[in-house]
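Reviewing the structure listed below.
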Amino acid sequence: MKYNDLEVTKNTRPSRKGRGIAAGQGKTAGRGTKGQKARAGHNKMPAGFMGGQRAIMQAVPKLKGFKSFHPKAEVVYTDRLNGLKGKVDNFALSKAELISTPFAKVKVISRGDLTAKIDLETQFISKTAKAALEKAGGSFKKVSVPMKPAAKKG
């Protein structure tokens, strides 16, 4: 046992509020003057109660469902790839106007016939699209989304 290991608690009595001026918490007993919170029973108001004004939970509009902050992949169909040759990546797809920006996620989905022999480098591909690509003599390589170039400080 060491002196600094001792657990000492003060022998203080609980404060007795509203017992006169000399008691230190007399008259209003720390509740201020007047108003709903100064009266008896003010603790029984529901959570979020704002004095009869419409509560914040009622004022804020509610939205159904779940809003994801992750952008969805842009879809490219296999029959649209027939006009392309060689290595096809996000930049080639953007140049061919099949996607809006080269810095977006891309998923290739099977639709129609794929006849072009291309080396596809995108983020996602469906199983049937991959089979159609390999049947046409092409290949697929999964790559990450290209980074946007940093803005020049000037």
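Chain labels follow the order of the structure tokens: the first chain is A, the next B, and so on; residue numbering restarts at 1 in every chain, and ligands are counted from 1 in their shown order.
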Expected answer as a count of residues only: alpha helix (DSSP H) residues in chain A:
19
Give me the residues within 6 Å of segment 132-144 of chain A as number ranges by chain, counting only C-alpha atoms and dropping any in the same chain fewer than 4 places off.
A: 115, 117-123
Excluding segment 66-77 of chain A and residues on its chain fewer than 3 positions from it, collect all residues at most 12 Å away from it, counting only C-alpha atoms, and give them as JSON, numbers by chain.
{"A": [62, 63, 80, 81, 82, 88, 89, 90, 93, 94, 96, 97, 98, 99, 100, 101, 102, 103, 104, 105, 106, 107, 108, 109, 110, 111, 112, 113, 114, 120, 122, 123, 124, 125, 126, 128, 129, 130, 132, 133, 145]}
Once you have the residues from the selection above, write them out as a compact mmCIF listing (two decimals), in the first residue's frame, restricted to C-alpha atoms.
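Heads up, here's the output in selection24.txt:
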# COMPACT_ATOMS: atom_id res chain seq x y z
CA LYS A 62 -37.45 12.54 -44.26
CA LEU A 63 -36.08 10.68 -47.26
CA ARG A 80 -20.77 -1.02 -78.73
CA LEU A 81 -17.12 -2.20 -78.56
CA ASN A 82 -17.10 -3.57 -82.14
CA VAL A 88 -9.20 -0.27 -74.97
CA ASP A 89 -9.10 1.55 -71.63
CA ASN A 90 -11.10 4.32 -69.95
CA LEU A 93 -13.92 4.57 -74.21
CA SER A 94 -14.24 8.27 -73.33
CA ALA A 96 -15.37 7.01 -78.41
CA GLU A 97 -18.06 8.72 -76.28
CA LEU A 98 -19.17 5.48 -74.66
CA ILE A 99 -18.60 6.92 -71.16
CA SER A 100 -18.89 10.48 -69.87
CA THR A 101 -15.41 10.82 -68.34
CA PRO A 102 -12.26 8.67 -68.32
CA PHE A 103 -12.11 9.05 -64.52
CA ALA A 104 -15.29 7.02 -63.87
CA LYS A 105 -15.69 3.36 -62.97
CA VAL A 106 -16.60 1.24 -66.00
CA LYS A 107 -18.41 -2.08 -66.19
CA VAL A 108 -18.71 -4.01 -69.44
CA ILE A 109 -21.93 -6.02 -69.80
CA SER A 110 -22.84 -8.55 -72.48
CA ARG A 111 -25.39 -7.52 -75.12
CA GLY A 112 -25.39 -8.52 -78.76
CA ASP A 113 -22.37 -9.99 -80.57
CA LEU A 114 -18.76 -8.99 -80.02
CA LEU A 120 -9.85 -4.50 -72.61
CA THR A 122 -11.41 -1.58 -67.30
CA GLN A 123 -12.57 -1.95 -63.72
CA PHE A 124 -15.38 -4.52 -64.03
CA ILE A 125 -16.73 -7.03 -66.53
CA SER A 126 -19.56 -9.56 -66.39
CA THR A 128 -20.77 -13.51 -70.09
CA ALA A 129 -19.04 -10.41 -71.47
CA LYS A 130 -15.64 -11.85 -70.55
CA ALA A 132 -17.64 -13.24 -75.42
CA LEU A 133 -14.44 -11.17 -75.36
CA VAL A 145 -9.79 3.99 -62.01
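For the atom pair formed by atom CA of Gly35 of chain A and atom CA of Lys17 of chain A, the distance is 18.4 Å, given to one decimal.
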Enumerate, as a ChimeraX atom specification, the complete set of residues in segment 2-143 of chain A that a backbone-based DSSP assignment places in strand (DSSP E or B).
/A:50,53,74-77,86-88,106-109,118-122,124-125,139-142
Selection file, N, CA and C atoms, as an mmCIF file, in the first residue's frame:
data_model
loop_
_atom_site.group_PDB
_atom_site.id
_atom_site.type_symbol
_atom_site.label_atom_id
_atom_site.label_comp_id
_atom_site.auth_asym_id
_atom_site.auth_seq_id
_atom_site.Cartn_x
_atom_site.Cartn_y
_atom_site.Cartn_z
ATOM 1 N N MET A 50 -39.451 21.386 -27.920
ATOM 2 C CA MET A 50 -38.894 22.722 -28.041
ATOM 3 C C MET A 50 -39.931 23.768 -27.629
ATOM 4 N N GLN A 53 -43.019 24.706 -29.891
ATOM 5 C CA GLN A 53 -42.639 24.950 -31.285
ATOM 6 C C GLN A 53 -42.409 23.594 -31.951
ATOM 7 N N GLU A 74 -20.230 3.249 -64.733
ATOM 8 C CA GLU A 74 -20.902 3.502 -66.007
ATOM 9 C C GLU A 74 -20.892 2.213 -66.819
ATOM 10 N N VAL A 75 -21.996 1.920 -67.488
ATOM 11 C CA VAL A 75 -22.167 0.652 -68.196
ATOM 12 C C VAL A 75 -21.812 0.824 -69.673
ATOM 13 N N VAL A 76 -21.020 -0.132 -70.180
ATOM 14 C CA VAL A 76 -20.690 -0.196 -71.604
ATOM 15 C C VAL A 76 -21.094 -1.591 -72.080
ATOM 16 N N TYR A 77 -21.859 -1.675 -73.166
ATOM 17 C CA TYR A 77 -22.302 -2.958 -73.697
ATOM 18 C C TYR A 77 -21.313 -3.471 -74.746
ATOM 19 N N GLY A 86 -7.418 -2.743 -80.849
ATOM 20 C CA GLY A 86 -6.225 -2.710 -79.989
ATOM 21 C C GLY A 86 -6.557 -2.625 -78.511
ATOM 22 N N LYS A 87 -5.757 -1.826 -77.803
ATOM 23 C CA LYS A 87 -5.938 -1.662 -76.355
ATOM 24 C C LYS A 87 -7.074 -0.672 -76.095
ATOM 25 N N VAL A 88 -8.055 -1.115 -75.301
ATOM 26 C CA VAL A 88 -9.204 -0.267 -74.975
ATOM 27 C C VAL A 88 -9.233 -0.052 -73.461
ATOM 28 N N VAL A 106 -15.964 1.781 -64.796
ATOM 29 C CA VAL A 106 -16.597 1.243 -66.002
ATOM 30 C C VAL A 106 -16.875 -0.238 -65.807
ATOM 31 N N LYS A 107 -18.072 -0.671 -66.188
ATOM 32 C CA LYS A 107 -18.414 -2.085 -66.187
ATOM 33 C C LYS A 107 -18.903 -2.459 -67.575
ATOM 34 N N VAL A 108 -18.316 -3.527 -68.120
ATOM 35 C CA VAL A 108 -18.706 -4.012 -69.441
ATOM 36 C C VAL A 108 -19.702 -5.146 -69.249
ATOM 37 N N ILE A 109 -20.854 -5.042 -69.932
ATOM 38 C CA ILE A 109 -21.933 -6.015 -69.804
ATOM 39 C C ILE A 109 -22.246 -6.583 -71.186
ATOM 40 N N ILE A 118 -10.062 -7.139 -79.082
ATOM 41 C CA ILE A 118 -9.533 -6.005 -78.313
ATOM 42 C C ILE A 118 -8.943 -6.486 -76.998
ATOM 43 N N ASP A 119 -7.994 -5.711 -76.481
ATOM 44 C CA ASP A 119 -7.426 -5.948 -75.155
ATOM 45 C C ASP A 119 -8.061 -4.922 -74.220
ATOM 46 N N LEU A 120 -9.039 -5.382 -73.452
ATOM 47 C CA LEU A 120 -9.847 -4.496 -72.611
ATOM 48 C C LEU A 120 -9.198 -4.304 -71.249
ATOM 49 N N GLU A 121 -9.069 -3.044 -70.826
ATOM 50 C CA GLU A 121 -8.520 -2.710 -69.506
ATOM 51 C C GLU A 121 -9.492 -1.774 -68.809
ATOM 52 N N THR A 122 -10.434 -2.363 -68.058
ATOM 53 C CA THR A 122 -11.411 -1.582 -67.300
ATOM 54 C C THR A 122 -11.480 -2.098 -65.873
ATOM 55 N N PHE A 124 -14.487 -3.380 -64.243
ATOM 56 C CA PHE A 124 -15.376 -4.520 -64.034
ATOM 57 C C PHE A 124 -15.843 -5.091 -65.366
ATOM 58 N N ILE A 125 -16.165 -6.381 -65.351
ATOM 59 C CA ILE A 125 -16.727 -7.033 -66.534
ATOM 60 C C ILE A 125 -17.596 -8.190 -66.058
ATOM 61 N N SER A 139 -8.702 -10.040 -74.720
ATOM 62 C CA SER A 139 -8.340 -10.345 -73.338
ATOM 63 C C SER A 139 -8.847 -9.228 -72.427
ATOM 64 N N PHE A 140 -8.954 -9.543 -71.133
ATOM 65 C CA PHE A 140 -9.414 -8.566 -70.143
ATOM 66 C C PHE A 140 -8.383 -8.448 -69.030
ATOM 67 N N LYS A 141 -8.107 -7.209 -68.649
ATOM 68 C CA LYS A 141 -7.213 -6.938 -67.519
ATOM 69 C C LYS A 141 -7.920 -5.933 -66.612
ATOM 70 N N LYS A 142 -8.015 -6.281 -65.319
ATOM 71 C CA LYS A 142 -8.665 -5.385 -64.358
ATOM 72 C C LYS A 142 -7.667 -4.329 -63.913
#
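What separates atom CA of Lys27 of chain A from atom CA of Ala47 of chain A is a distance of 27.6 Å.
Across the structure, atom CA of Gln25 of chain A and atom CA of His42 of chain A are spaced 18.5 Å apart.
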Skipping near chain neighbours, those fewer than 4 positions away, what residues fall within 12 Å of Ala29 of chain A using only C-alpha atoms, listed as a short mmCIF file (atom, residue, chain, number, x, y, z; two decimals) with N, CA and C atoms, in the first residue's frame?
data_model
loop_
_atom_site.label_atom_id
_atom_site.label_comp_id
_atom_site.auth_asym_id
_atom_site.auth_seq_id
_atom_site.Cartn_x
_atom_site.Cartn_y
_atom_site.Cartn_z
N SER A 15 -26.51 18.11 -1.74
CA SER A 15 -26.99 19.49 -1.58
C SER A 15 -28.51 19.48 -1.43
N ARG A 16 -29.01 20.32 -0.53
CA ARG A 16 -30.45 20.45 -0.30
C ARG A 16 -30.89 21.77 -0.89
N LYS A 17 -31.47 21.72 -2.08
CA LYS A 17 -31.82 22.93 -2.79
C LYS A 17 -33.17 23.47 -2.32
N GLY A 18 -33.29 24.81 -2.47
CA GLY A 18 -34.55 25.45 -2.13
C GLY A 18 -34.82 25.50 -0.64
N ARG A 19 -33.78 25.66 0.16
CA ARG A 19 -33.94 25.68 1.62
C ARG A 19 -33.53 27.01 2.23
N GLY A 20 -33.69 28.10 1.48
CA GLY A 20 -33.39 29.41 2.04
C GLY A 20 -32.12 30.02 1.48
N ILE A 21 -31.96 31.33 1.69
CA ILE A 21 -30.85 32.08 1.11
C ILE A 21 -29.51 31.59 1.66
N ALA A 22 -29.43 31.31 2.93
CA ALA A 22 -28.16 30.93 3.54
C ALA A 22 -27.65 29.58 3.03
N ALA A 23 -28.51 28.74 2.50
CA ALA A 23 -28.11 27.42 2.04
C ALA A 23 -27.31 27.46 0.73
N GLY A 24 -27.31 28.60 0.04
CA GLY A 24 -26.53 28.73 -1.19
C GLY A 24 -27.30 28.41 -2.45
N GLN A 25 -28.31 27.54 -2.36
CA GLN A 25 -29.15 27.22 -3.52
C GLN A 25 -30.62 27.46 -3.15
N THR A 33 -35.27 32.24 -13.31
CA THR A 33 -36.56 32.81 -12.95
C THR A 33 -37.60 32.50 -14.00
N LYS A 34 -38.71 32.03 -13.56
CA LYS A 34 -39.90 31.76 -14.37
C LYS A 34 -39.65 30.84 -15.57
N LYS A 37 -39.19 25.56 -17.63
CA LYS A 37 -38.15 24.76 -16.99
C LYS A 37 -37.95 25.11 -15.53
N ALA A 38 -38.56 26.21 -15.08
CA ALA A 38 -38.47 26.58 -13.67
C ALA A 38 -39.56 25.90 -12.84
N ARG A 39 -40.59 25.38 -13.51
CA ARG A 39 -41.71 24.79 -12.80
C ARG A 39 -41.44 23.32 -12.44
N ALA A 40 -42.28 22.82 -11.56
CA ALA A 40 -42.20 21.41 -11.19
C ALA A 40 -42.66 20.55 -12.36
#
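Each of A:Ala116, A:Pro46, A:Ile56, A:Ala151 was checked against Asp79 of chain A using only C-alpha atoms; the smallest atom-to-atom distance is that of A:Ala116.
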